[in-house]
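Trainee: A single structure is presented below for examination.
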Amino acid sequence: MATLNNTTPTPSILPQVSVLDFFLPGSTSIITTMELVLSMNNGARPLFVCLLLLFLGRHICRYIWGLAETYFASTVHISYSTEVYDMVVLWVASQPFAYRARSSLAHVGWTRTFRSESEKQKKPLSYSPWDGTFYFIYKNHLFWFRSTEKDAGYRKEEAITISGFGSPAVLKQLFDHCRDEYLRHTHNKTTVFEHQEGKWKRTKVRSIRPLSTVVMNEEEKEGLVKDIEGFLNSRSRMWYTNRGIPYRRGYLLYGLPGTGKSSLCLSIAGRFDLDVYVLNISDIDARSLNTLFTELPSSCVLLLEDVDAVSMTQSRQVETNSERAEKNSKKPEGKLPLSNLLNALDGISSHEGRLLMMTTNHIDHLDPALIRAGRTDKRIELPLADKDVMFRLFCMVFKQSTSDIQDPGKPAEDDAAVEQSAHKFVEKVPEMEFSPAEIQSFLLEHRGSACAAVRKSEQWMARMRMERKKMGRTDSLVTVSD
Ligand SMILES: Nc1ncnc2c1ncn2[C@@H]1O[C@H](COP(=O)(O)OP(=O)(O)OP(=O)(O)O)[C@@H](O)[C@H]1O
């Protein structure tokens with residue numbers, strides 16, 4: 001019987017083996033073992049030959065495929081933090097190869113469009129292939145979708161590529177197709193982006209809210225719309241450039257909570273078919289701010305909610321220590337210095353073409369530098385509900401719309417009756433005490449009956465006043481009398 005001791009490895013094979021090892025890593029040790037086994041002259045020999053062929057075959061195929069991919073395939077790389085990622089994944093998730101993939105990433109909801117009402121379900125799931133290579137045919141061409149995890153600083157994120165043989169034109173057609181599907185999916189919707197770890201990420205896709213549903217002073221609303229129309233006009237950019245004026249426009253919406261500031265921003269974005277990029281300044285540092293600004297698209301709404309959260313510690317306003325201390329005690333402290341925000345908004349590296357919308361509940365807490373002309377071109381106050389706003393809110397809730405689905409057991413109140421109730425409601429509820437949000441919320445509670453809303457309004461007001469008193473609301477909409 002052969003033993004390890006009397007088996008002498010052939011020294012002459014080593015130079016060939018090391019060359020082979022260059023192409024097929026690990027083959028030296030396998031061949032040495034194989035020689036050993038072959039020299040045993042027993043039944044293991046055929047088995048080892050098969051294993052070797054398999055091993056070599058697999059490596060050779062991989063090697064040839066790698067060469068073919070390098071020299072003949074076109075590839076598009078897509079990084080996780082771009083909107084193209086959403087476009088591709090939306091399309092991929094609806095493809096048969098995604099359903100068949102044995103390794104998938106599950107998404108809730110956002111990638112599926114419902115084809116019919118009956119298909120609707122709570123939190124629908126969709127899957128995109130994950131961590132591997134997945135082959136598919138598009139327009140009679142073979143493509144492969146590859147998903148890998150890559151290091152993105154202190155965390156991992158997905159990177160995907162789509163490759164195919166032949167002309168890159170078909171690959172680009174595939175991307176155009178993904179883009180068209182994505183645009184169809186977001187048609188008549190407002191897409192909202194928020195930042196996560198210094199990158200913009202699509203977080204919501206909402207149906208466009210018609211401007212008519214934001215109840216406010218109509219003149220003010222029309223003025224705003226006209227101003228934006230003028231700014232977004234196709235000749236406008238050139239006009240600004242010719243005069244050396246930076247092509248951007250800023251608006252400040254201010255008012256107490258629930259007066260419709262965010263609603264107005266979203267409606268405006270929907271009206272002009274713009275995406276909304278929400279910058280949460282209480283959750284951002286100076287470095288991320290610059291990156292986020294450089295990644296804004298050329299035309300969008302940049303929304304800075306609660307802009308009073310910006311740090312006043314580096315306020316550019318000349319003020320005494322005591323003035324600053326008093327101001328700072330009134331408002332929450334953010335970690336973003338004001339000077340950085342100002343630079344990002346209209347410094348040398350700032351973005352052209354964007355529509356800046358800032359909202360605040362405390363206009364008196366804002367540094368004058370932030371709201372000076374040029375940064376803030378228009379200030380719009382959204383006040384508490386006056387008689388006109390209450391009347392319109394009432395009619396909006398109770399009047400029938402053509403697309404409403406009628407409850408068969410309950411005849412709808414006609415518009416004249418609703419208007420009569422609206423007048424009674426307005427007489428009972430004092431002006432400038434409640435926000436439109438509070439009024440809307442109460443009306444929705446009784447949306448089945450306008451008369452009931454009128455009847456219960458006094459009770460509701462008493463409850464609201466009591467609640468405010470209990471909560472000791474000092475930002476109160478109106479001082480509540482005993
Ligand atoms: N003027 C308004 N017209 C119609 N709906 C309104 C109006 N104001 C508030 N609402 C309703 O109240 C809710 C809250 O409104 P919104 O978030 O726009 O208020 P806000 O002023 O941005 O509040 P906050 O300052 O707390 O962020 C929304 O559902 C919105 O539909």
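Simple scheme: letters A, B, ... for chains in structure tokens order, numbers from 1 for residues in each chain, numbers from 1 for ligands in the order shown.
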Using only C-alpha atoms and all ligand atoms, which residues of the polymer chains come no farther than 8 Å from ligand 1? I'd like the answer as number ranges by chain.

Mentor: A: 213-216, 254-264, 305-306, 359-361, 382, 385, 389, 393, 435-438, 440-441

Trainee: Let me see the file: selected residues, N, CA, C and O atoms, as a compact mmCIF listing (two decimals), in the first residue's frame.

Mentor:
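Saved the output as result_38.txt:
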# COMPACT_ATOMS: atom_id res chain seq x y z
N THR A 213 -57.72 73.59 -3.00
CA THR A 213 -58.03 72.98 -1.69
C THR A 213 -57.25 73.64 -0.55
O THR A 213 -57.44 73.28 0.60
N VAL A 214 -56.34 74.53 -0.90
CA VAL A 214 -55.67 75.29 0.17
C VAL A 214 -56.42 76.61 0.30
O VAL A 214 -56.40 77.46 -0.59
N VAL A 215 -57.13 76.71 1.41
CA VAL A 215 -58.03 77.85 1.57
C VAL A 215 -57.29 78.99 2.25
O VAL A 215 -56.83 78.86 3.39
N MET A 216 -57.13 80.08 1.52
CA MET A 216 -56.42 81.24 2.04
C MET A 216 -56.84 82.47 1.25
O MET A 216 -57.70 82.36 0.36
N TYR A 254 -45.20 82.07 6.62
CA TYR A 254 -45.18 82.05 8.08
C TYR A 254 -46.59 82.11 8.64
O TYR A 254 -47.53 82.60 8.00
N GLY A 255 -46.71 81.58 9.83
CA GLY A 255 -48.02 81.55 10.49
C GLY A 255 -48.00 80.48 11.55
O GLY A 255 -47.07 79.66 11.61
N LEU A 256 -49.06 80.47 12.34
CA LEU A 256 -49.13 79.51 13.45
C LEU A 256 -49.30 78.08 12.91
O LEU A 256 -49.61 77.90 11.72
N PRO A 257 -49.08 77.08 13.76
CA PRO A 257 -49.22 75.70 13.29
C PRO A 257 -50.61 75.43 12.72
O PRO A 257 -51.60 75.96 13.24
N GLY A 258 -50.66 74.66 11.67
CA GLY A 258 -51.95 74.24 11.10
C GLY A 258 -52.63 75.29 10.25
O GLY A 258 -53.84 75.25 10.05
N THR A 259 -51.86 76.24 9.74
CA THR A 259 -52.50 77.27 8.92
C THR A 259 -52.32 77.00 7.42
O THR A 259 -52.78 77.78 6.59
N GLY A 260 -51.63 75.91 7.10
CA GLY A 260 -51.57 75.48 5.69
C GLY A 260 -50.26 75.76 4.98
O GLY A 260 -50.21 75.73 3.75
N LYS A 261 -49.19 76.00 5.72
CA LYS A 261 -47.91 76.34 5.08
C LYS A 261 -47.37 75.17 4.25
O LYS A 261 -47.05 75.33 3.07
N SER A 262 -47.30 73.99 4.88
CA SER A 262 -46.77 72.83 4.14
C SER A 262 -47.71 72.46 2.99
O SER A 262 -47.26 72.10 1.90
N SER A 263 -49.01 72.55 3.25
CA SER A 263 -49.98 72.20 2.21
C SER A 263 -49.80 73.10 1.00
O SER A 263 -49.82 72.64 -0.15
N LEU A 264 -49.58 74.39 1.25
CA LEU A 264 -49.41 75.33 0.15
C LEU A 264 -48.14 74.99 -0.65
O LEU A 264 -48.16 74.99 -1.89
N GLU A 305 -38.42 73.46 6.12
CA GLU A 305 -39.51 73.59 7.10
C GLU A 305 -38.94 74.04 8.43
O GLU A 305 -37.82 73.66 8.79
N ASP A 306 -39.71 74.81 9.15
CA ASP A 306 -39.31 75.32 10.47
C ASP A 306 -37.91 75.89 10.40
O ASP A 306 -37.00 75.46 11.12
N THR A 359 -40.62 77.70 5.68
CA THR A 359 -41.79 77.87 6.53
C THR A 359 -41.34 78.09 7.96
O THR A 359 -40.28 77.58 8.37
N THR A 360 -42.10 78.84 8.67
CA THR A 360 -41.79 79.04 10.10
C THR A 360 -43.06 79.39 10.87
O THR A 360 -43.98 79.99 10.33
N ASN A 361 -43.05 78.99 12.12
CA ASN A 361 -44.12 79.41 13.03
C ASN A 361 -43.71 80.68 13.76
O ASN A 361 -44.51 81.30 14.44
N LEU A 382 -49.80 83.11 6.60
CA LEU A 382 -51.02 82.28 6.60
C LEU A 382 -51.62 82.42 7.99
O LEU A 382 -51.12 81.86 8.96
N ALA A 385 -58.01 81.17 10.92
CA ALA A 385 -59.16 81.23 10.00
C ALA A 385 -60.04 82.46 10.25
O ALA A 385 -60.48 82.69 11.39
N VAL A 389 -62.39 82.18 5.27
CA VAL A 389 -61.71 80.87 5.24
C VAL A 389 -62.62 79.80 5.84
O VAL A 389 -62.76 78.69 5.31
N LEU A 393 -63.89 76.54 3.93
CA LEU A 393 -63.53 75.21 4.44
C LEU A 393 -64.79 74.37 4.64
O LEU A 393 -64.84 73.18 4.31
N SER A 435 -57.22 77.48 13.98
CA SER A 435 -56.46 77.35 12.73
C SER A 435 -57.32 76.59 11.72
O SER A 435 -58.21 75.82 12.10
N PRO A 436 -57.04 76.77 10.43
CA PRO A 436 -57.78 75.99 9.42
C PRO A 436 -57.67 74.49 9.69
O PRO A 436 -58.63 73.75 9.48
N ALA A 437 -56.52 74.03 10.21
CA ALA A 437 -56.36 72.59 10.48
C ALA A 437 -57.35 72.15 11.56
O ALA A 437 -57.98 71.09 11.46
N GLU A 438 -57.52 72.98 12.60
CA GLU A 438 -58.44 72.62 13.68
C GLU A 438 -59.87 72.59 13.17
O GLU A 438 -60.64 71.67 13.47
N GLN A 440 -60.88 72.23 10.06
CA GLN A 440 -61.07 71.11 9.12
C GLN A 440 -61.23 69.78 9.87
O GLN A 440 -62.08 68.97 9.53
N SER A 441 -60.42 69.63 10.89
CA SER A 441 -60.47 68.38 11.65
C SER A 441 -61.86 68.20 12.30
O SER A 441 -62.45 67.11 12.28

Trainee: Can you check which residues of region 175-287 of chain A DSSP gives as strand (DSSP E) on the backbone and send them as a PyMOL selection string?

Mentor: chain A and resi 189-196+199-207+249-254+276-279

Trainee: For the residues in the current selection, export N, CA, C and O atoms as a CSV table (one decimal), in the first residue's frame.

Mentor:
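What landed in part_15.csv:
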chain,number,residue,atom,x,y,z
A,189,LYS,N,-48.5,63.2,-9.7
A,189,LYS,CA,-48.1,63.0,-8.3
A,189,LYS,C,-47.0,64.0,-8.0
A,189,LYS,O,-46.3,64.4,-8.9
A,190,THR,N,-46.9,64.3,-6.7
A,190,THR,CA,-45.7,65.1,-6.3
A,190,THR,C,-44.8,64.2,-5.6
A,190,THR,O,-45.1,63.5,-4.6
A,191,THR,N,-43.5,64.1,-6.0
A,191,THR,CA,-42.5,63.3,-5.4
A,191,THR,C,-41.8,64.1,-4.4
A,191,THR,O,-41.3,65.2,-4.7
A,192,VAL,N,-41.7,63.5,-3.2
A,192,VAL,CA,-41.0,64.2,-2.1
A,192,VAL,C,-39.7,63.5,-1.8
A,192,VAL,O,-39.7,62.3,-1.6
A,193,PHE,N,-38.6,64.2,-1.7
A,193,PHE,CA,-37.3,63.7,-1.4
A,193,PHE,C,-36.9,64.2,0.0
A,193,PHE,O,-37.1,65.4,0.3
A,194,GLU,N,-36.3,63.4,0.8
A,194,GLU,CA,-35.8,63.8,2.0
A,194,GLU,C,-34.3,63.3,2.1
A,194,GLU,O,-34.0,62.4,1.3
A,195,HIS,N,-33.6,63.9,3.0
A,195,HIS,CA,-32.2,63.4,3.1
A,195,HIS,C,-32.0,62.4,4.2
A,195,HIS,O,-32.5,62.5,5.2
A,196,GLN,N,-31.2,61.4,3.8
A,196,GLN,CA,-30.8,60.4,4.8
A,196,GLN,C,-29.3,60.2,4.6
A,196,GLN,O,-28.8,59.9,3.5
A,199,LYS,N,-27.7,62.1,1.7
A,199,LYS,CA,-28.1,61.8,0.3
A,199,LYS,C,-29.6,62.0,0.2
A,199,LYS,O,-30.3,61.7,1.1
A,200,TRP,N,-30.0,62.5,-0.9
A,200,TRP,CA,-31.4,62.7,-1.2
A,200,TRP,C,-32.0,61.3,-1.5
A,200,TRP,O,-31.4,60.5,-2.2
A,201,LYS,N,-33.1,61.0,-0.9
A,201,LYS,CA,-33.8,59.8,-1.2
A,201,LYS,C,-35.3,60.0,-1.3
A,201,LYS,O,-35.9,60.7,-0.5
A,202,ARG,N,-35.9,59.4,-2.3
A,202,ARG,CA,-37.3,59.6,-2.5
A,202,ARG,C,-38.0,58.9,-1.4
A,202,ARG,O,-37.8,57.8,-1.0
A,203,THR,N,-38.9,59.7,-0.7
A,203,THR,CA,-39.6,59.1,0.5
A,203,THR,C,-41.1,59.0,0.3
A,203,THR,O,-41.7,58.1,0.9
A,204,LYS,N,-41.7,59.9,-0.5
A,204,LYS,CA,-43.1,59.9,-0.7
A,204,LYS,C,-43.5,60.2,-2.1
A,204,LYS,O,-42.8,61.0,-2.7
A,205,VAL,N,-44.5,59.6,-2.6
A,205,VAL,CA,-45.1,60.0,-3.9
A,205,VAL,C,-46.6,60.3,-3.6
A,205,VAL,O,-47.3,59.4,-3.2
A,206,ARG,N,-47.0,61.5,-3.6
A,206,ARG,CA,-48.4,61.9,-3.3
A,206,ARG,C,-49.1,62.4,-4.5
A,206,ARG,O,-48.6,63.0,-5.3
A,207,SER,N,-50.4,62.1,-4.4
A,207,SER,CA,-51.3,62.7,-5.5
A,207,SER,C,-51.2,64.2,-5.4
A,207,SER,O,-51.1,64.8,-4.3
A,249,ARG,N,-35.4,82.0,-6.7
A,249,ARG,CA,-36.5,82.8,-6.1
A,249,ARG,C,-36.8,82.1,-4.7
A,249,ARG,O,-36.8,80.9,-4.6
A,250,GLY,N,-37.0,83.0,-3.7
A,250,GLY,CA,-37.3,82.4,-2.4
A,250,GLY,C,-38.5,83.0,-1.8
A,250,GLY,O,-38.9,84.2,-1.9
A,251,TYR,N,-39.2,82.1,-1.1
A,251,TYR,CA,-40.5,82.6,-0.4
A,251,TYR,C,-40.5,82.1,1.0
A,251,TYR,O,-40.0,81.0,1.3
A,252,LEU,N,-41.1,83.0,1.9
A,252,LEU,CA,-41.2,82.6,3.3
A,252,LEU,C,-42.7,82.5,3.6
A,252,LEU,O,-43.4,83.5,3.4
A,253,LEU,N,-43.1,81.4,4.1
A,253,LEU,CA,-44.5,81.2,4.5
A,253,LEU,C,-44.5,81.2,6.0
A,253,LEU,O,-43.8,80.3,6.6
A,254,TYR,N,-45.2,82.1,6.6
A,254,TYR,CA,-45.2,82.0,8.1
A,254,TYR,C,-46.6,82.1,8.6
A,254,TYR,O,-47.5,82.6,8.0
A,276,VAL,N,-40.3,67.9,-4.7
A,276,VAL,CA,-40.0,68.7,-3.5
A,276,VAL,C,-38.9,68.1,-2.8
A,276,VAL,O,-38.9,66.9,-2.5
A,277,TYR,N,-37.9,68.8,-2.5
A,277,TYR,CA,-36.7,68.4,-1.7
A,277,TYR,C,-36.8,69.0,-0.3
A,277,TYR,O,-36.7,70.2,-0.2
A,278,VAL,N,-37.1,68.2,0.7
A,278,VAL,CA,-37.3,68.7,2.0
A,278,VAL,C,-36.0,68.7,2.8
A,278,VAL,O,-35.4,67.6,3.0
A,279,LEU,N,-35.5,69.9,3.2
A,279,LEU,CA,-34.3,69.9,4.0
A,279,LEU,C,-34.6,70.2,5.5
A,279,LEU,O,-35.2,71.2,5.8

Trainee: Set the distance at 12 Å and use only C-alpha atoms: which residues neighbour Ile245 (chain A) once local chain neighbours fewer than 6 positions away are removed? I'd like the list as a ChimeraX atom specification.

Mentor: /A:236-239,346,352-353,374

Trainee: Env of Ser147 (chain A): 9 Å cut, atoms = only C-alpha atoms, seq-sep filter 4 positions within chain, self excluded. Answer as a short mmCIF file (atom, residue, chain, number, x, y, z; two decimals) with all heavy atoms, in the first residue's frame.

Mentor:
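Generated file (selection00.cif):
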data_model
loop_
_atom_site.label_atom_id
_atom_site.label_comp_id
_atom_site.auth_asym_id
_atom_site.auth_seq_id
_atom_site.Cartn_x
_atom_site.Cartn_y
_atom_site.Cartn_z
N PRO A 129 -34.29 41.64 -7.26
CA PRO A 129 -33.21 40.67 -7.05
C PRO A 129 -32.07 41.32 -6.26
O PRO A 129 -31.80 42.51 -6.42
CB PRO A 129 -32.76 40.32 -8.46
CG PRO A 129 -33.86 40.76 -9.33
CD PRO A 129 -34.54 41.89 -8.67
N TRP A 130 -31.42 40.54 -5.46
CA TRP A 130 -30.43 41.09 -4.53
C TRP A 130 -29.23 40.18 -4.40
O TRP A 130 -29.38 38.96 -4.35
CB TRP A 130 -31.14 41.28 -3.18
CG TRP A 130 -30.23 41.46 -1.99
CD1 TRP A 130 -29.95 40.53 -1.04
CD2 TRP A 130 -29.51 42.63 -1.62
NE1 TRP A 130 -29.11 41.04 -0.10
CE2 TRP A 130 -28.81 42.35 -0.43
CE3 TRP A 130 -29.38 43.90 -2.18
CZ2 TRP A 130 -28.01 43.26 0.22
CZ3 TRP A 130 -28.58 44.83 -1.53
CH2 TRP A 130 -27.91 44.51 -0.36
N ASP A 131 -28.07 40.78 -4.39
CA ASP A 131 -26.82 40.09 -4.12
C ASP A 131 -26.57 38.91 -5.07
O ASP A 131 -26.57 37.75 -4.66
CB ASP A 131 -26.82 39.61 -2.65
CG ASP A 131 -25.41 39.25 -2.21
OD1 ASP A 131 -24.46 39.70 -2.87
OD2 ASP A 131 -25.26 38.50 -1.23
N GLY A 132 -26.40 39.22 -6.32
CA GLY A 132 -26.13 38.15 -7.30
C GLY A 132 -26.27 38.68 -8.71
O GLY A 132 -26.44 39.89 -8.92
N THR A 133 -26.19 37.77 -9.66
CA THR A 133 -26.35 38.15 -11.06
C THR A 133 -27.60 37.47 -11.59
O THR A 133 -27.79 36.27 -11.37
CB THR A 133 -25.11 37.71 -11.88
OG1 THR A 133 -23.97 38.30 -11.25
CG2 THR A 133 -25.19 38.16 -13.31
N PHE A 134 -28.44 38.23 -12.28
CA PHE A 134 -29.73 37.71 -12.72
C PHE A 134 -29.89 38.05 -14.20
O PHE A 134 -29.75 39.20 -14.59
CB PHE A 134 -30.86 38.34 -11.89
CG PHE A 134 -30.65 38.18 -10.41
CD1 PHE A 134 -29.88 39.11 -9.70
CD2 PHE A 134 -31.15 37.09 -9.72
CE1 PHE A 134 -29.64 38.96 -8.35
CE2 PHE A 134 -30.91 36.93 -8.36
CZ PHE A 134 -30.15 37.87 -7.67
N GLU A 158 -26.37 49.24 -1.52
CA GLU A 158 -26.45 48.42 -2.71
C GLU A 158 -25.97 49.20 -3.94
O GLU A 158 -26.24 50.38 -4.07
CB GLU A 158 -27.91 47.99 -2.92
CG GLU A 158 -28.06 46.99 -4.04
CD GLU A 158 -29.51 46.75 -4.44
OE1 GLU A 158 -30.40 47.44 -3.93
OE2 GLU A 158 -29.72 45.86 -5.28
N ALA A 159 -25.23 48.52 -4.78
CA ALA A 159 -24.87 49.13 -6.06
C ALA A 159 -25.34 48.16 -7.13
O ALA A 159 -25.20 46.94 -6.97
CB ALA A 159 -23.37 49.30 -6.15
N ILE A 160 -25.96 48.68 -8.18
CA ILE A 160 -26.41 47.76 -9.21
C ILE A 160 -25.82 48.12 -10.57
O ILE A 160 -25.49 49.28 -10.83
CB ILE A 160 -27.96 47.64 -9.29
CG1 ILE A 160 -28.62 49.01 -9.43
CG2 ILE A 160 -28.52 46.92 -8.11
CD1 ILE A 160 -30.13 48.96 -9.47
N THR A 161 -25.71 47.10 -11.39
CA THR A 161 -25.27 47.34 -12.77
C THR A 161 -26.21 46.56 -13.67
O THR A 161 -26.76 45.52 -13.27
CB THR A 161 -23.84 46.83 -13.04
OG1 THR A 161 -23.80 45.45 -12.75
CG2 THR A 161 -22.80 47.56 -12.22
N ILE A 162 -26.40 47.09 -14.87
CA ILE A 162 -27.11 46.30 -15.89
C ILE A 162 -26.18 46.23 -17.08
O ILE A 162 -25.65 47.25 -17.52
CB ILE A 162 -28.46 46.92 -16.26
CG1 ILE A 162 -29.40 46.85 -15.05
CG2 ILE A 162 -29.08 46.19 -17.44
CD1 ILE A 162 -30.83 47.20 -15.33
#

Trainee: Determine the nearest neighbour of Thr28 (chain A) from the options A:Ile78, A:Leu52, A:Glu69, A:His187, counting only C-alpha atoms.

Mentor: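 Checking each candidate against Thr28 (chain A), we get A:Leu52 as the closest.
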
Trainee: Go through region 77-148 of chain A and flag each residue having an atom no more than 7 Å from region 169-185 of chain A; for those, report the closest pair of atoms plus their distance in Å to one decimal, using only C-alpha atoms, ordered by chain and rising number, as JSON lines.

Mentor:
{"residue": "A:Met87", "atom": "CA", "partner": "A:Tyr182", "partner_atom": "CA", "distance": 5.4}
{"residue": "A:Val88", "atom": "CA", "partner": "A:Cys178", "partner_atom": "CA", "distance": 5.6}
{"residue": "A:Leu90", "atom": "CA", "partner": "A:Tyr182", "partner_atom": "CA", "distance": 6.9}
{"residue": "A:Trp91", "atom": "CA", "partner": "A:Cys178", "partner_atom": "CA", "distance": 5.5}
{"residue": "A:Thr113", "atom": "CA", "partner": "A:His185", "partner_atom": "CA", "distance": 6.9}

Trainee: Go through A:Ser27, A:Ser267, A:Gln420, A:Asn233 and flag the residue nearest Leu56 (chain A), using only C-alpha atoms for the distances.

Mentor: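 Closest to Leu56 (chain A), using only C-alpha atoms: A:Ser27.
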
Trainee: Looking at A:Phe97, A:Arg248, A:Ser104, A:Thr241, which one is nearest to Ala373 (chain A), with distances taken over only C-alpha atoms?

Mentor: A:Arg248
